[in-house]
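> Just one file: model_35.pdb, with PDB, C-alpha atoms, pLDDT in the B column.
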ATOM      1  CA  MET A   1      87.209  35.730 144.708  1.00 48.00           C
ATOM      2  CA  THR A   2      85.410  38.824 145.759  1.00 51.00           C
ATOM      3  CA  VAL A   3      82.801  39.051 148.477  1.00 47.00           C
ATOM      4  CA  ARG A   4      80.305  40.053 145.773  1.00 52.00           C
ATOM      5  CA  THR A   5      81.013  36.862 143.827  1.00 49.00           C
ATOM      6  CA  LEU A   6      80.624  34.700 146.924  1.00 47.00           C
ATOM      7  CA  ALA A   7      77.423  36.475 147.859  1.00 48.00           C
ATOM      8  CA  LEU A   8      76.030  36.086 144.354  1.00 47.00           C
ATOM      9  CA  ALA A   9      76.918  32.402 144.399  1.00 47.00           C
ATOM     10  CA  ALA A  10      75.104  31.917 147.669  1.00 46.00           C
ATOM     11  CA  ALA A  11      72.037  33.680 146.352  1.00 47.00           C
ATOM     12  CA  ALA A  12      72.133  31.561 143.210  1.00 44.00           C
ATOM     13  CA  LEU A  13      72.186  28.316 145.119  1.00 45.00           C
ATOM     14  CA  ALA A  14      69.475  29.280 147.541  1.00 45.00           C
ATOM     15  CA  ILE A  15      67.049  30.028 144.747  1.00 45.00           C
ATOM     16  CA  ALA A  16      68.143  26.907 142.863  1.00 42.00           C
ATOM     17  CA  SER A  17      66.752  24.761 145.656  1.00 40.00           C
ATOM     18  CA  VAL A  18      63.354  26.366 145.187  1.00 42.00           C
ATOM     19  CA  VAL A  19      63.436  25.963 141.422  1.00 43.00           C
ATOM     20  CA  SER A  20      64.502  22.316 141.589  1.00 40.00           C
ATOM     21  CA  GLY A  21      61.416  21.543 143.627  1.00 42.00           C
ATOM     22  CA  CYS A  22      59.336  22.804 140.710  1.00 44.00           C
ATOM     23  CA  GLY A  23      60.979  20.326 138.343  1.00 44.00           C
ATOM     24  CA  GLY A  24      61.905  22.985 135.782  1.00 45.00           C
ATOM     25  CA  PRO A  25      63.606  21.631 132.680  1.00 40.00           C
ATOM     26  CA  ALA A  26      66.738  23.771 133.199  1.00 73.00           C
ATOM     27  CA  VAL A  27      67.520  22.095 136.532  1.00 75.00           C
ATOM     28  CA  ASP A  28      69.449  18.820 136.318  1.00 82.00           C
ATOM     29  CA  ALA A  29      67.744  16.232 138.540  1.00 79.00           C
ATOM     30  CA  SER A  30      71.146  14.747 139.450  1.00 83.00           C
ATOM     31  CA  CYS A  31      72.217  17.947 141.232  1.00 85.00           C
ATOM     32  CA  ASP A  32      72.499  18.005 145.023  1.00 78.00           C
ATOM     33  CA  VAL A  33      70.768  21.368 145.229  1.00 74.00           C
ATOM     34  CA  GLU A  34      69.711  20.853 148.838  1.00 68.00           C
ATOM     35  CA  GLY A  35      73.282  20.078 149.888  1.00 63.00           C
ATOM     36  CA  VAL A  36      74.721  23.077 148.079  1.00 57.00           C
ATOM     37  CA  THR A  37      72.052  25.353 149.509  1.00 53.00           C
ATOM     38  CA  HIS A  38      72.719  24.090 153.032  1.00 54.00           C
ATOM     39  CA  ASP A  39      76.421  24.969 152.796  1.00 50.00           C
ATOM     40  CA  VAL A  40      75.951  28.509 151.453  1.00 42.00           C
ATOM     41  CA  GLU A  41      72.556  29.639 152.770  1.00 44.00           C
ATOM     42  CA  HIS A  42      74.039  31.804 155.529  1.00 42.00           C
ATOM     43  CA  MET A  43      75.884  33.893 152.898  1.00 53.00           C
ATOM     44  CA  VAL A  44      72.638  34.797 151.122  1.00 46.00           C
ATOM     45  CA  GLU A  45      71.226  36.528 154.176  1.00 50.00           C
ATOM     46  CA  GLU A  46      74.428  38.458 154.784  1.00 63.00           C
ATOM     47  CA  ALA A  47      74.783  39.545 151.151  1.00 75.00           C
ATOM     48  CA  GLY A  48      71.479  41.389 150.892  1.00 82.00           C
ATOM     49  CA  LEU A  49      71.078  40.164 147.295  1.00 78.00           C
ATOM     50  CA  VAL A  50      68.185  38.516 145.494  1.00 70.00           C
ATOM     51  CA  ALA A  51      68.365  35.639 143.051  1.00 70.00           C
ATOM     52  CA  ASP A  52      65.658  36.591 140.573  1.00 71.00           C
ATOM     53  CA  SER A  53      65.844  33.309 138.675  1.00 71.00           C
ATOM     54  CA  VAL A  54      67.915  30.199 138.219  1.00 70.00           C
ATOM     55  CA  ASP A  55      68.228  29.896 134.492  1.00 76.00           C
ATOM     56  CA  ALA A  56      70.101  26.579 134.597  1.00 79.00           C
ATOM     57  CA  LEU A  57      71.676  24.193 137.082  1.00 82.00           C
ATOM     58  CA  ARG A  58      73.873  21.427 135.653  1.00 89.00           C
ATOM     59  CA  CYS A  59      75.922  18.792 137.439  1.00 92.00           C
ATOM     60  CA  SER A  60      78.477  16.137 136.630  1.00 94.00           C
ATOM     61  CA  GLY A  61      80.199  14.064 139.297  1.00 93.00           C
ATOM     62  CA  ASP A  62      81.226  16.401 142.109  1.00 93.00           C
ATOM     63  CA  TRP A  63      80.839  19.538 139.964  1.00 94.00           C
ATOM     64  CA  SER A  64      77.897  21.921 139.653  1.00 90.00           C
ATOM     65  CA  VAL A  65      77.354  24.920 137.363  1.00 88.00           C
ATOM     66  CA  ALA A  66      74.592  27.392 138.184  1.00 82.00           C
ATOM     67  CA  GLU A  67      73.467  30.124 135.788  1.00 79.00           C
ATOM     68  CA  VAL A  68      71.555  32.724 137.775  1.00 74.00           C
ATOM     69  CA  THR A  69      70.008  36.158 137.367  1.00 75.00           C
ATOM     70  CA  VAL A  70      70.709  38.200 140.498  1.00 75.00           C
ATOM     71  CA  SER A  71      69.917  41.722 141.631  1.00 78.00           C
ATOM     72  CA  GLY A  72      70.517  43.884 144.642  1.00 83.00           C
ATOM     73  CA  PRO A  73      69.303  47.147 146.095  1.00 86.00           C
ATOM     74  CA  GLY A  74      69.532  49.825 143.417  1.00 83.00           C
ATOM     75  CA  ALA A  75      71.119  47.489 140.859  1.00 78.00           C
ATOM     76  CA  ASP A  76      69.844  46.087 137.594  1.00 88.00           C
ATOM     77  CA  PRO A  77      69.612  42.294 137.295  1.00 87.00           C
ATOM     78  CA  VAL A  78      72.842  40.603 136.188  1.00 82.00           C
ATOM     79  CA  GLU A  79      73.326  37.132 134.775  1.00 83.00           C
ATOM     80  CA  GLU A  80      76.117  35.239 136.522  1.00 80.00           C
ATOM     81  CA  THR A  81      77.600  31.755 136.165  1.00 84.00           C
ATOM     82  CA  PHE A  82      78.953  29.973 139.236  1.00 83.00           C
ATOM     83  CA  ILE A  83      81.100  26.834 139.355  1.00 89.00           C
ATOM     84  CA  PHE A  84      81.147  24.649 142.477  1.00 88.00           C
ATOM     85  CA  LEU A  85      83.122  21.567 143.483  1.00 92.00           C
ATOM     86  CA  ARG A  86      81.873  19.207 146.199  1.00 90.00           C
ATOM     87  CA  THR A  87      84.586  18.416 148.755  1.00 90.00           C
ATOM     88  CA  GLU A  88      84.557  16.595 152.074  1.00 91.00           C
ATOM     89  CA  ALA A  89      83.991  19.992 153.719  1.00 86.00           C
ATOM     90  CA  GLY A  90      81.027  20.887 151.444  1.00 81.00           C
ATOM     91  CA  TRP A  91      80.535  22.885 148.246  1.00 82.00           C
ATOM     92  CA  VAL A  92      83.399  25.184 147.242  1.00 86.00           C
ATOM     93  CA  LEU A  93      83.055  28.065 144.781  1.00 84.00           C
ATOM     94  CA  LYS A  94      85.732  27.786 142.088  1.00 91.00           C
ATOM     95  CA  ALA A  95      87.165  30.514 139.874  1.00 92.00           C
ATOM     96  CA  PRO A  96      86.427  29.716 136.219  1.00 93.00           C
ATOM     97  CA  GLU A  97      90.014  30.562 135.290  1.00 93.00           C
ATOM     98  CA  LEU A  98      91.242  27.703 137.512  1.00 93.00           C
ATOM     99  CA  ALA A  99      88.354  25.251 137.158  1.00 95.00           C
ATOM    100  CA  CYS A 100      88.695  25.352 133.375  1.00 94.00           C
ATOM    101  CA  ASP A 101      92.501  25.334 133.097  1.00 93.00           C
ATOM    102  CA  ASP A 102      93.789  21.816 132.515  1.00 89.00           C
ATOM    103  CA  ALA A 103      97.372  23.095 132.791  1.00 86.00           C
ATOM    104  CA  ALA A 104      96.871  24.443 136.334  1.00 76.00           C
ATOM    105  CA  GLY A 105      97.456  20.995 137.841  1.00 85.00           C
ATOM    106  CA  LEU A 106      94.191  21.131 139.807  1.00 88.00           C
ATOM    107  CA  GLU A 107      90.909  19.257 139.482  1.00 91.00           C
ATOM    108  CA  THR A 108      89.100  20.703 136.487  1.00 94.00           C
ATOM    109  CA  LEU A 109      85.509  21.029 135.377  1.00 96.00           C
ATOM    110  CA  PRO A 110      84.287  18.035 133.338  1.00 96.00           C
ATOM    111  CA  ALA A 111      83.982  18.574 129.594  1.00 94.00           C
ATOM    112  CA  ASP A 112      80.191  18.175 129.657  1.00 94.00           C
ATOM    113  CA  LEU A 113      79.849  21.273 131.894  1.00 95.00           C
ATOM    114  CA  ARG A 114      82.381  23.574 130.232  1.00 95.00           C
ATOM    115  CA  ASP A 115      80.115  25.064 127.564  1.00 92.00           C
ATOM    116  CA  GLY A 116      78.974  28.439 128.882  1.00 89.00           C
ATOM    117  CA  ALA A 117      80.843  28.032 132.167  1.00 93.00           C
ATOM    118  CA  CYS A 118      84.434  28.405 131.045  1.00 93.00           C
ATOM    119  CA  PRO A 119      86.032  31.525 129.620  1.00 87.00           C
ATOM    120  CA  GLU A 120      86.882  31.132 125.948  1.00 77.00           C
ATOM    121  CA  GLN A 121      90.435  29.941 125.610  1.00 54.00           C
TER     122      GLN A 121
END
Please re-express this file's structure in structure tokens.

Amino acid sequence: MTVRTLALAAAALAIASVVSGCGGPAVDASCDVEGVTHDVEHMVEEAGLVADSVDALRCSGDWSVAEVTVSGPGADPVEETFIFLRTEAGWVLKAPELACDDAAGLETLPADLRDGACPEQ
């Protein structure tokens, strides 16, 4: 994971908490947006990035997938997808290559969240 990816994930989750309060149709009401935001909010400030919009936030069990448009100083907006797993320590950003690989021997993203979140295999 790069610092940029972690920073973008933090920005995505911070803005997701605002969007979920608006009850937008792209935000799954079962998501613990407040909890995710709490665990990553400090990264948003340090990253200097802006989450322009949360295009979707989907959850299943302990997994969350956020689709976010982000931008930074002097950069065009970019659409990014972030996968998170809730652990005892809080929300953990997961690499799609591992979260979507059933053969890796790790916990994997549920089937109902894989569309658009996992690299084509």
> Expanded to explicit residues, what is the PyMOL selection byres ((chain A and resi 58-70) around 6) for this file, as a VMD selection string?
chain A and resid 12 28 31 50 to 57 71 77 to 86
> Measuring between only C-alpha atoms, which one of A:Glu120, A:Asp112, A:Asp76, A:Leu49 shows the shortest distance to Glu97 of chain A?
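The shortest atom-to-atom distance to Glu97 of chain A comes from A:Glu120.
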> At what distance in Å, to one decimal, does atom CA of Leu93 of chain A lie from atom CA of Pro73 of chain A?
23.6 Å
> For a test of reading the model, state the distance in Å between atom CA of Ala47 of chain A and atom CA of Gly74 of chain A, rounded to one decimal.
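Taking atom CA of Ala47 of chain A and atom CA of Gly74 of chain A, their separation equals 13.9 Å.
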> Interatomic distance between atom CA of Ala111 of chain A and atom CA of Glu88 of chain A?
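If I compute the distance from atom CA of Ala111 of chain A to atom CA of Glu88 of chain A, I get 22.6 Å.
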> Any chance you could resolve the PyMOL selection byres ((chain A and resi 107) around 12) against this file and give the residues as a list in words?
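Evaluating the PyMOL selection byres ((chain A and resi 107) around 12) on these coordinates yields Gly61, Asp62, Trp63, Phe84, Leu85, Arg86, Thr87, Lys94, Ala95, Pro96, Leu98, Ala99, Cys100, Asp101, Asp102, Ala103, Ala104, Gly105, Leu106, Thr108, Leu109 and Pro110 of chain A.
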> Hey, can you spit out that residue selection with C-alpha atoms as a PDB file, in the frame of the given file?

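Result file again_14.pdb:
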ATOM      1  CA  GLY A  61      80.199  14.064 139.297  1.00 93.00           C
ATOM      2  CA  ASP A  62      81.226  16.401 142.109  1.00 93.00           C
ATOM      3  CA  TRP A  63      80.839  19.538 139.964  1.00 94.00           C
ATOM      4  CA  PHE A  84      81.147  24.649 142.477  1.00 88.00           C
ATOM      5  CA  LEU A  85      83.122  21.567 143.483  1.00 92.00           C
ATOM      6  CA  ARG A  86      81.873  19.207 146.199  1.00 90.00           C
ATOM      7  CA  THR A  87      84.586  18.416 148.755  1.00 90.00           C
ATOM      8  CA  LYS A  94      85.732  27.786 142.088  1.00 91.00           C
ATOM      9  CA  ALA A  95      87.165  30.514 139.874  1.00 92.00           C
ATOM     10  CA  PRO A  96      86.427  29.716 136.219  1.00 93.00           C
ATOM     11  CA  LEU A  98      91.242  27.703 137.512  1.00 93.00           C
ATOM     12  CA  ALA A  99      88.354  25.251 137.158  1.00 95.00           C
ATOM     13  CA  CYS A 100      88.695  25.352 133.375  1.00 94.00           C
ATOM     14  CA  ASP A 101      92.501  25.334 133.097  1.00 93.00           C
ATOM     15  CA  ASP A 102      93.789  21.816 132.515  1.00 89.00           C
ATOM     16  CA  ALA A 103      97.372  23.095 132.791  1.00 86.00           C
ATOM     17  CA  ALA A 104      96.871  24.443 136.334  1.00 76.00           C
ATOM     18  CA  GLY A 105      97.456  20.995 137.841  1.00 85.00           C
ATOM     19  CA  LEU A 106      94.191  21.131 139.807  1.00 88.00           C
ATOM     20  CA  THR A 108      89.100  20.703 136.487  1.00 94.00           C
ATOM     21  CA  LEU A 109      85.509  21.029 135.377  1.00 96.00           C
ATOM     22  CA  PRO A 110      84.287  18.035 133.338  1.00 96.00           C
TER      23      PRO A 110
END
> Calculate, to one decimal in Å, the centre and edge lengths of the box along x, y and z of the file that holds all listed atoms of segment 80-99 of chain A with 3 Å of margin on each side, and present them as JSON.

{"center_x": 83.7, "center_y": 25.9, "center_z": 144.5, "size_x": 21.1, "size_y": 24.6, "size_z": 24.4}
